[in-house]
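**Q** Contents of upload24.cif (mmCIF, C-alpha atoms) are given next:
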```
data_target
loop_
_atom_site.label_atom_id
_atom_site.label_comp_id
_atom_site.auth_asym_id
_atom_site.auth_seq_id
_atom_site.Cartn_x
_atom_site.Cartn_y
_atom_site.Cartn_z
CA MET U 5 -151.74 -52.02 120.10
CA ASP U 6 -154.85 -54.11 120.67
CA ASP U 7 -154.17 -54.17 124.42
CA HIS U 8 -153.81 -50.39 124.42
CA LYS U 9 -157.15 -50.10 122.60
CA ASP U 10 -158.81 -52.44 125.10
CA PHE U 11 -157.45 -50.42 128.03
CA ALA U 12 -158.65 -47.19 126.43
CA GLU U 13 -162.13 -48.61 125.86
CA ARG U 14 -162.24 -49.88 129.42
CA ASP U 15 -161.23 -46.53 130.87
CA GLU U 16 -163.81 -44.82 128.68
CA ILE U 17 -166.58 -47.10 129.97
CA ILE U 18 -165.54 -46.47 133.58
CA GLU U 19 -165.51 -42.70 133.18
CA GLU U 20 -168.75 -42.75 131.21
CA THR U 21 -170.49 -44.79 133.92
CA ILE U 22 -169.31 -42.45 136.67
CA ARG U 23 -170.35 -39.45 134.57
CA LYS U 24 -173.83 -40.90 134.13
CA TYR U 25 -174.10 -41.39 137.89
CA GLY U 26 -173.35 -37.70 138.27
CA GLU U 27 -175.80 -36.62 135.58
CA TYR U 28 -178.63 -39.15 135.85
CA VAL U 29 -178.39 -41.25 139.02
CA ASN U 30 -177.08 -39.48 142.13
CA PRO U 31 -174.15 -37.02 142.00
CA GLY U 32 -173.62 -37.06 145.75
CA LEU U 33 -173.42 -40.85 145.76
CA ALA U 34 -170.92 -40.75 142.90
CA ASN U 35 -168.66 -38.43 144.90
CA LEU U 36 -169.05 -40.52 148.04
CA MET U 37 -168.15 -43.76 146.25
CA ARG U 38 -165.06 -42.23 144.72
CA PHE U 39 -163.98 -40.80 148.08
CA ALA U 40 -164.44 -44.22 149.71
CA GLY U 41 -162.13 -45.84 147.17
CA PHE U 42 -164.74 -47.45 144.90
CA GLY U 43 -163.99 -45.50 141.74
CA ASP U 44 -164.21 -48.38 139.28
CA VAL U 45 -167.15 -50.30 137.79
CA GLU U 46 -168.08 -53.78 138.97
CA ALA U 47 -167.88 -56.35 136.17
CA THR U 48 -168.18 -59.92 137.46
CA ALA U 49 -168.52 -61.76 140.75
CA LEU U 50 -168.28 -65.35 141.96
CA ARG U 51 -168.53 -66.83 145.45
CA ALA U 52 -166.87 -64.26 147.76
CA THR U 53 -164.97 -62.35 145.06
CA VAL U 54 -165.97 -59.25 143.10
CA THR U 55 -163.94 -58.19 140.05
CA ASP U 56 -164.03 -54.67 138.60
CA MET U 57 -163.57 -53.65 134.98
CA SER U 58 -159.89 -52.97 135.55
CA GLY U 59 -159.41 -56.57 136.60
CA SER U 60 -158.87 -55.85 140.31
CA GLN U 61 -160.35 -58.47 142.62
CA TYR U 62 -161.94 -57.85 146.01
CA ILE U 63 -162.89 -60.15 148.86
CA ASP U 64 -166.51 -59.25 149.53
CA CYS U 65 -166.83 -58.81 153.29
CA LEU U 66 -169.97 -56.71 152.89
CA GLY U 67 -172.02 -59.28 151.03
CA GLY U 68 -174.53 -56.80 149.64
CA TYR U 69 -175.57 -55.86 153.20
CA GLY U 70 -176.68 -59.46 153.72
CA VAL U 71 -177.89 -60.31 150.22
CA PHE U 72 -175.06 -62.65 149.23
CA SER U 73 -175.22 -65.24 152.00
CA LEU U 74 -174.66 -67.95 149.38
CA GLY U 75 -172.00 -65.92 147.65
CA HIS U 76 -172.24 -64.45 144.18
CA ARG U 77 -173.78 -66.52 141.38
CA ASN U 78 -174.54 -69.65 143.37
CA ALA U 79 -174.83 -72.36 140.73
CA GLU U 80 -177.99 -74.00 142.09
CA VAL U 81 -179.89 -70.72 142.38
CA VAL U 82 -178.78 -69.57 138.93
CA ALA U 83 -179.85 -72.91 137.42
CA ALA U 84 -183.28 -72.70 139.03
CA VAL U 85 -183.83 -69.20 137.66
CA HIS U 86 -182.62 -70.21 134.19
CA GLU U 87 -185.04 -73.13 134.16
CA GLN U 88 -187.96 -70.93 135.18
CA LEU U 89 -186.94 -68.24 132.69
CA ASP U 90 -187.46 -70.71 129.86
CA CYS U 91 -190.95 -71.55 131.15
CA MET U 92 -192.66 -68.42 132.50
CA PRO U 93 -190.67 -65.56 134.05
CA LEU U 94 -193.60 -63.55 135.43
CA SER U 95 -197.01 -64.67 136.57
CA SER U 96 -200.16 -63.95 134.57
CA LYS U 97 -201.79 -63.21 137.96
CA ILE U 98 -204.88 -65.12 136.76
CA PHE U 99 -203.98 -68.79 137.27
CA PHE U 100 -202.49 -70.56 140.27
CA ASN U 101 -198.72 -70.07 140.59
CA LYS U 102 -196.90 -73.27 141.57
CA PRO U 103 -193.52 -71.70 142.52
CA LEU U 104 -195.36 -69.27 144.80
CA ALA U 105 -197.32 -72.07 146.48
CA ASP U 106 -194.20 -74.20 146.90
CA LEU U 107 -192.20 -71.35 148.40
CA CYS U 108 -194.90 -70.43 150.90
CA GLU U 109 -195.14 -74.06 151.99
CA LEU U 110 -191.38 -74.16 152.48
CA LEU U 111 -191.39 -70.95 154.52
CA ALA U 112 -194.10 -72.39 156.77
CA GLU U 113 -191.87 -75.43 157.29
CA ILE U 114 -188.72 -73.58 158.29
CA THR U 115 -190.03 -70.56 160.22
CA PRO U 116 -190.59 -70.87 163.98
CA GLY U 117 -193.80 -71.39 165.89
CA ARG U 118 -197.20 -71.03 164.26
CA LEU U 119 -196.08 -68.89 161.32
CA GLN U 120 -197.88 -70.44 158.36
CA TYR U 121 -198.97 -68.00 155.68
CA SER U 122 -196.66 -65.84 153.57
CA PHE U 123 -197.11 -62.79 151.38
CA ILE U 124 -194.28 -62.59 148.86
CA CYS U 125 -193.15 -59.12 147.80
CA ASN U 126 -190.01 -57.61 146.29
CA SER U 127 -187.95 -56.04 149.08
CA GLY U 128 -187.42 -55.66 152.79
CA THR U 129 -189.20 -52.33 153.09
CA GLU U 130 -192.24 -53.79 151.29
CA ALA U 131 -192.24 -56.68 153.74
CA ILE U 132 -192.27 -54.22 156.65
CA GLU U 133 -195.11 -52.22 155.11
CA GLY U 134 -197.16 -55.39 154.79
CA ALA U 135 -196.39 -56.45 158.34
CA LEU U 136 -197.50 -53.08 159.72
CA LYS U 137 -200.75 -53.22 157.75
CA ALA U 138 -201.40 -56.77 158.93
CA ALA U 139 -200.83 -55.80 162.56
CA ARG U 140 -203.28 -52.92 162.29
CA MET U 141 -205.96 -55.05 160.66
CA PHE U 142 -205.64 -57.89 163.13
CA THR U 143 -205.61 -55.78 166.30
CA LYS U 144 -207.79 -52.93 164.99
CA LYS U 145 -205.27 -50.64 166.68
CA THR U 146 -202.99 -48.02 165.17
CA ASP U 147 -199.75 -47.60 167.14
CA PHE U 148 -196.36 -49.30 167.22
CA ILE U 149 -193.41 -49.45 169.58
CA CYS U 150 -189.99 -49.53 167.92
CA ALA U 151 -186.36 -49.33 168.95
CA THR U 152 -184.04 -46.35 168.80
CA GLY U 153 -181.30 -47.12 166.29
CA GLY U 154 -183.45 -49.67 164.51
CA PHE U 155 -183.66 -49.81 160.74
CA HIS U 156 -186.70 -51.13 158.88
CA GLY U 157 -186.50 -49.42 155.51
CA LYS U 158 -187.11 -46.05 153.87
CA SER U 159 -190.65 -46.13 152.49
CA MET U 160 -193.09 -44.08 154.56
CA GLY U 161 -194.35 -46.75 156.95
CA SER U 162 -191.04 -48.50 157.46
CA LEU U 163 -189.27 -45.15 157.79
CA SER U 164 -191.72 -44.24 160.55
CA ALA U 165 -190.51 -47.34 162.40
CA THR U 166 -186.84 -46.64 161.68
CA GLY U 167 -184.95 -45.09 164.57
CA ARG U 168 -182.60 -42.43 163.21
CA GLU U 169 -183.76 -38.87 162.73
CA ILE U 170 -181.38 -37.96 159.90
CA TYR U 171 -183.37 -40.13 157.50
CA LYS U 172 -186.77 -39.18 158.92
CA THR U 173 -186.77 -35.41 159.49
CA PRO U 174 -186.85 -34.35 155.80
CA PHE U 175 -190.05 -36.36 155.26
CA GLU U 176 -192.03 -35.35 158.31
CA PRO U 177 -194.80 -35.56 159.14
CA LEU U 178 -194.46 -39.32 158.86
CA ILE U 179 -197.14 -41.84 159.82
CA PRO U 180 -198.26 -41.06 163.39
CA GLY U 181 -198.31 -43.53 166.24
CA PHE U 182 -194.71 -44.78 166.27
CA THR U 183 -192.89 -44.58 169.61
CA HIS U 184 -189.17 -45.32 169.88
CA VAL U 185 -187.59 -46.67 173.06
CA PRO U 186 -184.03 -47.87 173.78
CA PHE U 187 -183.12 -51.19 172.18
CA GLY U 188 -182.65 -53.93 174.76
CA ASP U 189 -184.94 -52.29 177.34
CA ALA U 190 -188.05 -54.45 177.68
CA LYS U 191 -189.39 -52.38 180.58
CA ALA U 192 -189.41 -49.27 178.41
CA VAL U 193 -191.50 -51.16 175.87
CA GLU U 194 -193.95 -52.20 178.58
CA ASP U 195 -194.16 -48.67 179.96
CA TYR U 196 -195.16 -47.19 176.59
CA ILE U 197 -197.87 -49.69 175.66
CA THR U 198 -201.28 -48.04 175.46
CA ASN U 199 -204.78 -49.11 174.48
CA ASP U 200 -203.87 -48.07 170.91
CA THR U 201 -200.72 -50.21 170.60
CA ALA U 202 -200.97 -52.79 167.83
CA ALA U 203 -197.48 -54.30 167.91
CA VAL U 204 -193.86 -54.14 168.90
CA ILE U 205 -191.52 -54.28 165.90
CA VAL U 206 -187.89 -55.14 166.52
CA GLU U 207 -184.77 -56.51 164.88
CA PRO U 208 -183.46 -59.46 166.92
CA ILE U 209 -180.01 -57.95 166.37
CA GLN U 210 -179.72 -54.36 165.23
CA GLY U 211 -177.83 -54.31 161.94
CA GLU U 212 -177.68 -50.71 160.78
CA GLY U 213 -177.72 -49.64 164.43
CA GLY U 214 -174.19 -50.98 164.76
CA ILE U 215 -174.51 -54.79 165.12
CA ILE U 216 -176.07 -54.52 168.57
CA ILE U 217 -176.89 -57.79 170.33
CA PRO U 218 -179.59 -57.48 173.01
CA PRO U 219 -179.45 -58.89 176.55
CA ASP U 220 -180.46 -62.55 176.64
CA ASP U 221 -183.72 -61.82 178.44
CA TYR U 222 -184.82 -59.06 176.05
CA LEU U 223 -186.64 -60.92 173.29
CA PRO U 224 -188.19 -63.54 175.63
CA ARG U 225 -189.46 -60.70 177.81
CA LEU U 226 -190.89 -58.89 174.78
CA ARG U 227 -192.69 -62.07 173.79
CA GLN U 228 -194.13 -62.36 177.29
CA ILE U 229 -195.20 -58.71 177.40
CA CYS U 230 -196.88 -58.86 173.99
CA THR U 231 -198.76 -62.02 174.91
CA GLU U 232 -199.92 -60.62 178.25
CA ARG U 233 -201.01 -57.29 176.76
CA GLY U 234 -202.69 -58.74 173.68
CA ILE U 235 -200.44 -57.10 171.10
CA LEU U 236 -198.31 -58.56 168.32
CA LEU U 237 -194.57 -59.13 168.15
CA ILE U 238 -193.06 -58.43 164.72
CA ALA U 239 -189.54 -59.78 164.18
CA ASP U 240 -187.68 -57.99 161.40
CA GLU U 241 -185.32 -60.70 160.11
CA VAL U 242 -184.63 -58.97 156.80
CA GLN U 243 -180.90 -58.87 157.57
CA THR U 244 -180.54 -61.60 160.20
CA GLY U 245 -182.62 -64.34 158.60
CA LEU U 246 -181.57 -67.49 156.75
CA GLY U 247 -178.41 -68.47 158.59
CA ARG U 248 -176.58 -65.18 158.96
CA THR U 249 -176.26 -65.28 162.78
CA GLY U 250 -175.55 -68.99 163.19
CA ARG U 251 -179.19 -70.10 163.34
CA MET U 252 -181.71 -70.20 160.51
CA PHE U 253 -183.42 -67.21 162.16
CA ALA U 254 -181.93 -64.99 164.83
CA VAL U 255 -184.97 -65.29 167.13
CA GLU U 256 -184.09 -68.97 167.53
CA HIS U 257 -181.07 -68.02 169.64
CA TRP U 258 -183.56 -66.98 172.31
CA GLY U 259 -186.35 -69.46 171.61
CA VAL U 260 -188.82 -66.73 170.63
CA GLU U 261 -191.77 -67.22 168.28
CA PRO U 262 -193.01 -63.98 166.71
CA ASP U 263 -196.52 -63.34 165.42
CA ILE U 264 -195.18 -61.84 162.18
CA MET U 265 -191.73 -62.22 160.64
CA THR U 266 -190.24 -60.27 157.74
CA LEU U 267 -187.58 -61.59 155.35
CA ALA U 268 -185.71 -60.30 152.28
CA LYS U 269 -182.02 -59.86 151.33
CA ALA U 270 -180.63 -63.44 151.45
CA LEU U 271 -184.00 -64.93 150.52
CA GLY U 272 -183.28 -64.39 146.82
CA GLY U 273 -180.04 -66.35 146.95
CA GLY U 274 -178.07 -63.37 145.69
CA VAL U 275 -179.77 -63.67 142.30
CA MET U 276 -183.31 -62.27 142.53
CA PRO U 277 -184.89 -59.50 144.63
CA ILE U 278 -187.60 -60.87 146.92
CA GLY U 279 -189.14 -60.16 150.31
CA ALA U 280 -191.80 -61.77 152.48
CA PHE U 281 -193.87 -61.29 155.57
CA ILE U 282 -195.15 -64.40 157.30
CA GLY U 283 -197.94 -64.61 159.85
CA THR U 284 -200.22 -66.92 161.79
CA PRO U 285 -203.58 -68.24 160.50
CA GLU U 286 -205.49 -65.80 162.72
CA ILE U 287 -203.64 -62.82 161.31
CA TRP U 288 -204.19 -63.97 157.73
CA GLU U 289 -207.89 -64.44 158.38
CA ALA U 290 -208.10 -60.86 159.69
CA VAL U 291 -206.26 -59.43 156.68
CA PHE U 292 -207.55 -61.55 153.80
CA GLY U 293 -210.64 -63.31 155.15
CA GLU U 294 -213.23 -60.85 153.84
CA ASN U 295 -211.21 -59.51 150.93
CA PRO U 296 -208.43 -61.72 149.50
CA LEU U 297 -207.18 -58.74 147.49
CA MET U 298 -206.73 -56.47 150.51
CA HIS U 299 -202.95 -56.43 149.99
CA THR U 300 -201.44 -57.16 146.57
CA SER U 301 -198.29 -56.71 144.50
CA THR U 302 -197.94 -56.85 140.72
CA PHE U 303 -194.47 -58.36 140.76
CA GLY U 304 -194.57 -59.94 144.22
CA GLY U 305 -194.49 -63.73 144.14
CA ASN U 306 -193.22 -63.88 140.58
CA PRO U 307 -192.01 -67.35 139.52
CA LEU U 308 -188.40 -66.31 138.94
CA ALA U 309 -187.96 -64.91 142.45
CA CYS U 310 -189.83 -67.80 144.06
CA ARG U 311 -187.66 -70.39 142.33
CA ALA U 312 -184.55 -68.49 143.44
CA ALA U 313 -185.79 -68.39 147.03
CA MET U 314 -186.57 -72.11 147.11
CA ALA U 315 -183.12 -72.92 145.76
CA ALA U 316 -181.51 -70.57 148.28
CA ILE U 317 -183.31 -72.23 151.18
CA HIS U 318 -182.34 -75.67 149.88
CA VAL U 319 -178.65 -74.74 149.66
CA THR U 320 -178.74 -73.12 153.12
CA ARG U 321 -180.21 -76.25 154.68
CA PHE U 322 -178.31 -78.87 152.66
CA LYS U 323 -174.92 -77.28 153.35
CA ASP U 324 -175.90 -76.39 156.93
CA LEU U 325 -174.77 -72.81 156.39
CA PRO U 326 -176.08 -71.60 159.78
CA SER U 327 -173.57 -73.86 161.55
CA GLN U 328 -170.87 -72.76 159.15
CA ALA U 329 -171.68 -69.12 159.86
CA ALA U 330 -171.40 -69.76 163.60
CA ARG U 331 -167.99 -71.41 163.24
CA LEU U 332 -166.54 -68.93 160.77
CA GLY U 333 -167.95 -66.01 162.71
CA GLU U 334 -166.01 -67.02 165.80
CA TYR U 335 -162.90 -67.47 163.68
CA PHE U 336 -163.32 -64.04 162.08
CA MET U 337 -163.97 -62.26 165.38
CA GLU U 338 -160.94 -63.91 166.97
CA GLY U 339 -158.74 -62.36 164.28
CA LEU U 340 -160.41 -58.97 164.53
CA ARG U 341 -159.99 -58.96 168.30
CA GLU U 342 -156.28 -59.50 167.87
CA VAL U 343 -156.21 -56.30 165.81
CA LYS U 344 -158.26 -54.56 168.49
CA ASN U 345 -155.67 -55.57 171.08
CA LYS U 346 -153.03 -54.03 168.85
CA TYR U 347 -154.93 -50.70 168.68
CA PRO U 348 -156.86 -50.54 171.97
CA LYS U 349 -157.36 -46.77 171.91
CA ALA U 350 -158.68 -46.73 168.34
CA ILE U 351 -160.96 -49.78 168.37
CA ALA U 352 -163.60 -49.78 171.08
CA GLU U 353 -165.18 -53.20 170.51
CA VAL U 354 -165.52 -56.19 168.23
CA ARG U 355 -168.95 -57.84 168.52
CA GLY U 356 -171.29 -60.01 166.55
CA LEU U 357 -173.14 -63.27 166.16
CA GLY U 358 -172.32 -65.66 163.35
CA LEU U 359 -171.13 -63.75 160.30
CA LEU U 360 -172.85 -60.52 161.29
CA ILE U 361 -169.90 -58.69 162.86
CA GLY U 362 -169.33 -55.09 163.87
CA VAL U 363 -166.09 -53.30 164.73
CA GLU U 364 -166.67 -50.05 166.60
CA PHE U 365 -164.06 -47.30 166.46
CA ALA U 366 -163.56 -44.59 169.04
CA HIS U 367 -163.88 -41.97 166.29
CA GLU U 368 -166.06 -42.01 163.19
CA ASP U 369 -163.33 -40.56 160.96
CA VAL U 370 -161.08 -43.56 161.54
CA GLY U 371 -163.74 -45.99 160.35
CA GLU U 372 -164.26 -44.09 157.09
CA LEU U 373 -160.54 -44.07 156.39
CA VAL U 374 -160.26 -47.77 157.19
CA ILE U 375 -162.96 -48.64 154.65
CA GLY U 376 -161.04 -46.79 151.96
CA GLY U 377 -157.75 -48.38 153.00
CA MET U 378 -159.30 -51.84 152.85
CA ALA U 379 -160.73 -51.17 149.39
CA ARG U 380 -157.29 -50.19 148.08
CA ARG U 381 -156.01 -53.50 149.40
CA GLY U 382 -158.78 -55.59 147.87
CA VAL U 383 -161.35 -56.06 150.64
CA ILE U 384 -164.89 -54.62 150.61
CA ALA U 385 -166.55 -53.46 153.83
CA ALA U 386 -168.86 -50.62 154.87
CA TYR U 387 -170.03 -48.77 157.95
CA THR U 388 -173.47 -49.27 159.45
CA LEU U 389 -176.08 -46.74 158.35
CA ASN U 390 -177.28 -45.67 161.79
CA ASN U 391 -173.87 -45.78 163.49
CA PRO U 392 -170.97 -44.66 161.26
CA LYS U 393 -168.45 -45.50 163.99
CA VAL U 394 -169.10 -49.18 163.27
CA ILE U 395 -167.67 -51.09 160.31
CA ARG U 396 -169.65 -54.20 159.45
CA PHE U 397 -168.22 -57.49 158.24
CA GLU U 398 -171.05 -59.43 156.61
CA PRO U 399 -169.39 -61.78 154.11
CA PRO U 400 -170.98 -64.71 152.29
CA LEU U 401 -171.53 -67.68 154.56
CA ILE U 402 -169.38 -69.72 152.17
CA ILE U 403 -166.28 -67.54 152.64
CA ARG U 404 -163.08 -69.55 153.17
CA GLU U 405 -160.80 -69.31 156.20
CA ASP U 406 -157.89 -68.12 154.05
CA GLU U 407 -160.07 -65.31 152.72
CA ILE U 408 -160.92 -64.36 156.30
CA ASP U 409 -157.21 -64.39 157.14
CA THR U 410 -156.53 -62.01 154.25
CA ALA U 411 -159.39 -59.73 155.31
CA VAL U 412 -158.06 -59.53 158.87
CA CYS U 413 -154.53 -58.78 157.64
CA VAL U 414 -155.86 -56.05 155.34
CA PHE U 415 -157.97 -54.61 158.16
CA ASP U 416 -154.87 -54.48 160.38
CA GLU U 417 -152.90 -52.61 157.72
CA ALA U 418 -155.77 -50.22 156.98
CA VAL U 419 -156.22 -49.35 160.67
CA GLY U 420 -152.51 -48.63 161.02
CA GLU U 421 -152.57 -46.42 157.94
CA ALA U 422 -155.69 -44.55 159.10
CA LEU U 423 -154.18 -43.85 162.51
CA GLU U 424 -151.09 -42.39 160.89
CA MET U 425 -153.32 -40.07 158.88
CA VAL U 426 -155.20 -38.83 161.92
CA GLU U 427 -152.28 -38.94 164.34
CA GLY U 428 -153.12 -37.16 167.55
CA LEU U 429 -156.88 -37.71 167.17
CA VAL U 430 -156.89 -41.04 169.01
#
```
I need this file expressed as structure tokens, please.
**A**
Amino acid sequence: MDDHKDFAERDEIIEETIRKYGEYVNPGLANLMRFAGFGDVEATALRATVTDMSGSQYIDCLGGYGVFSLGHRNAEVVAAVHEQLDCMPLSSKIFFNKPLADLCELLAEITPGRLQYSFICNSGTEAIEGALKAARMFTKKTDFICATGGFHGKSMGSLSATGREIYKTPFEPLIPGFTHVPFGDAKAVEDYITNDTAAVIVEPIQGEGGIIIPPDDYLPRLRQICTERGILLIADEVQTGLGRTGRMFAVEHWGVEPDIMTLAKALGGGVMPIGAFIGTPEIWEAVFGENPLMHTSTFGGNPLACRAAMAAIHVTRFKDLPSQAARLGEYFMEGLREVKNKYPKAIAEVRGLGLLIGVEFAHEDVGELVIGGMARRGVIAAYTLNNPKVIRFEPPLIIREDEIDTAVCVFDEAVGEALEMVEGLV
């Protein structure tokens, strides 16, 4: 009787939550989540496993779109936040803030080249907004060159830099001066530089664009072009930073040192929201030299988030998670390519670097069905925002090989099921 009551209460909470999504959050999103097979309510999570209120467990191969590089509820990050919570959760904004100072010092230590000063904010799109403002102030120019298919966020400035019209058209006119050229084409970048160009902004690897890895000479050539033409290179490492691709930062694969770098997602250790943009001393002097309050944030740099970020960086370095991501990424892609060989007409390509992996289908409909089929079998994945043909696998960097094996097996079954449902399409 008690069990029956518990089940009834559980079901009531689930239905009530979904109803509230429809009435107060986003009805379209509620319908989409149910269609995709995520019709329950998340309850707990640990390491690479998410458990819903019904008790079903899922291997998290999405990782919060890159947030959970350390897995869910990493003990060291949680302990650091608990400790700070008992001292001072938010800054008074009047006195010096030790966690903020310590984090900025640590970021200067680990980031490449002459990056030294950091502005700590709350999200990736805020980091991009700050980077764009900094580039304009330093160069005293207004325009930017971006990549088609790139994704930099959805606030007005970052959306102007983002390269997919479906998310931009409803909000036009956006901020003027943003030119988009094909990703991986350095000559196109050079051809579109004008006297008004302040910077080139680029993801080292396009995430939402479909896990697109550029030619090996692309980023080095961009660095050369920017240096020769006196403009800045902004590296958006919001998704690729902090070990995801097999190096601490993706630009390190190509030996490139940007003028400004943006971070977020994994920076909070999967526990706190936090973002950052980091620049050289010259850029900081241009932005803050005359007015140290030129760019501010009420919650940015709060002690809780800064302590989480420091702990996350410590764990990433101490456990050498970039190397682990490189090894496990190869292992994961090897399994996925075996599935591709089994369904060569349905799966166009498996590609990636580290544990940022994309599987591209010949038809968009197949990918959507595969995501649902995987969810029913206990594995979480999602398609990339700017290329729905591509499913991303972006699990925690601490995922185990046996969990990868299960994910590959589930993927295989879900592809087979999806192809049966759309027989004749592929």
**Q** Given the file shown, enumerate the residues that the PyMOL selection byres ((chain U and resi 196) around 10) captures and present them as a list in words.
**A**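 Matching residues under the PyMOL selection byres ((chain U and resi 196) around 10) are Phe148, Ile149, Thr183, His184, Val185, Lys191, Ala192, Val193, Glu194, Asp195, Ile197, Thr198 and Thr201 of chain U.
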**Q** Which residues would end up in the selection if the PyMOL selection byres ((chain U and resi 208-220) around 6) were applied here, given that I need the answer as a list in words?
**A**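 Output from the PyMOL selection byres ((chain U and resi 208-220) around 6), applied to this file: Gly153, Gly154, Gly188, Glu207, Asp221, Tyr222, Gly362, Thr388, Leu389, Asn390, Asn391 and Val394 of chain U.
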**Q** Please evaluate the PyMOL selection byres ((chain U and resi 102) around 12) against the displayed coordinates and give the resulting residues as a compact mmCIF listing (two decimals) with C-alpha atoms, keeping the file's coordinate frame.
**A**
```txt
# COMPACT_ATOMS: atom_id res chain seq x y z
CA GLN U 88 -187.96 -70.93 135.18
CA MET U 92 -192.66 -68.42 132.50
CA LEU U 94 -193.60 -63.55 135.43
CA SER U 95 -197.01 -64.67 136.57
CA LYS U 97 -201.79 -63.21 137.96
CA PHE U 99 -203.98 -68.79 137.27
CA PHE U 100 -202.49 -70.56 140.27
CA ASN U 101 -198.72 -70.07 140.59
CA PRO U 103 -193.52 -71.70 142.52
CA LEU U 104 -195.36 -69.27 144.80
CA ALA U 105 -197.32 -72.07 146.48
CA ASP U 106 -194.20 -74.20 146.90
CA LEU U 107 -192.20 -71.35 148.40
CA CYS U 108 -194.90 -70.43 150.90
CA GLU U 109 -195.14 -74.06 151.99
CA GLY U 305 -194.49 -63.73 144.14
CA ASN U 306 -193.22 -63.88 140.58
CA PRO U 307 -192.01 -67.35 139.52
CA LEU U 308 -188.40 -66.31 138.94
CA CYS U 310 -189.83 -67.80 144.06
CA ARG U 311 -187.66 -70.39 142.33
CA MET U 314 -186.57 -72.11 147.11
```
**Q** Rounded to one decimal in Å, what is the spacing between atom CA of U:Thr231 and atom CA of U:Leu357?
**A**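 Taking atom CA of U:Thr231 as the start and atom CA of U:Leu357 as the end point, the length is 27.1 Å.
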**Q** If you measure from atom CA of U:Ile22 to atom CA of U:Met37, what distance in Å do you get, rounded to one decimal?
**A** 9.7 Å
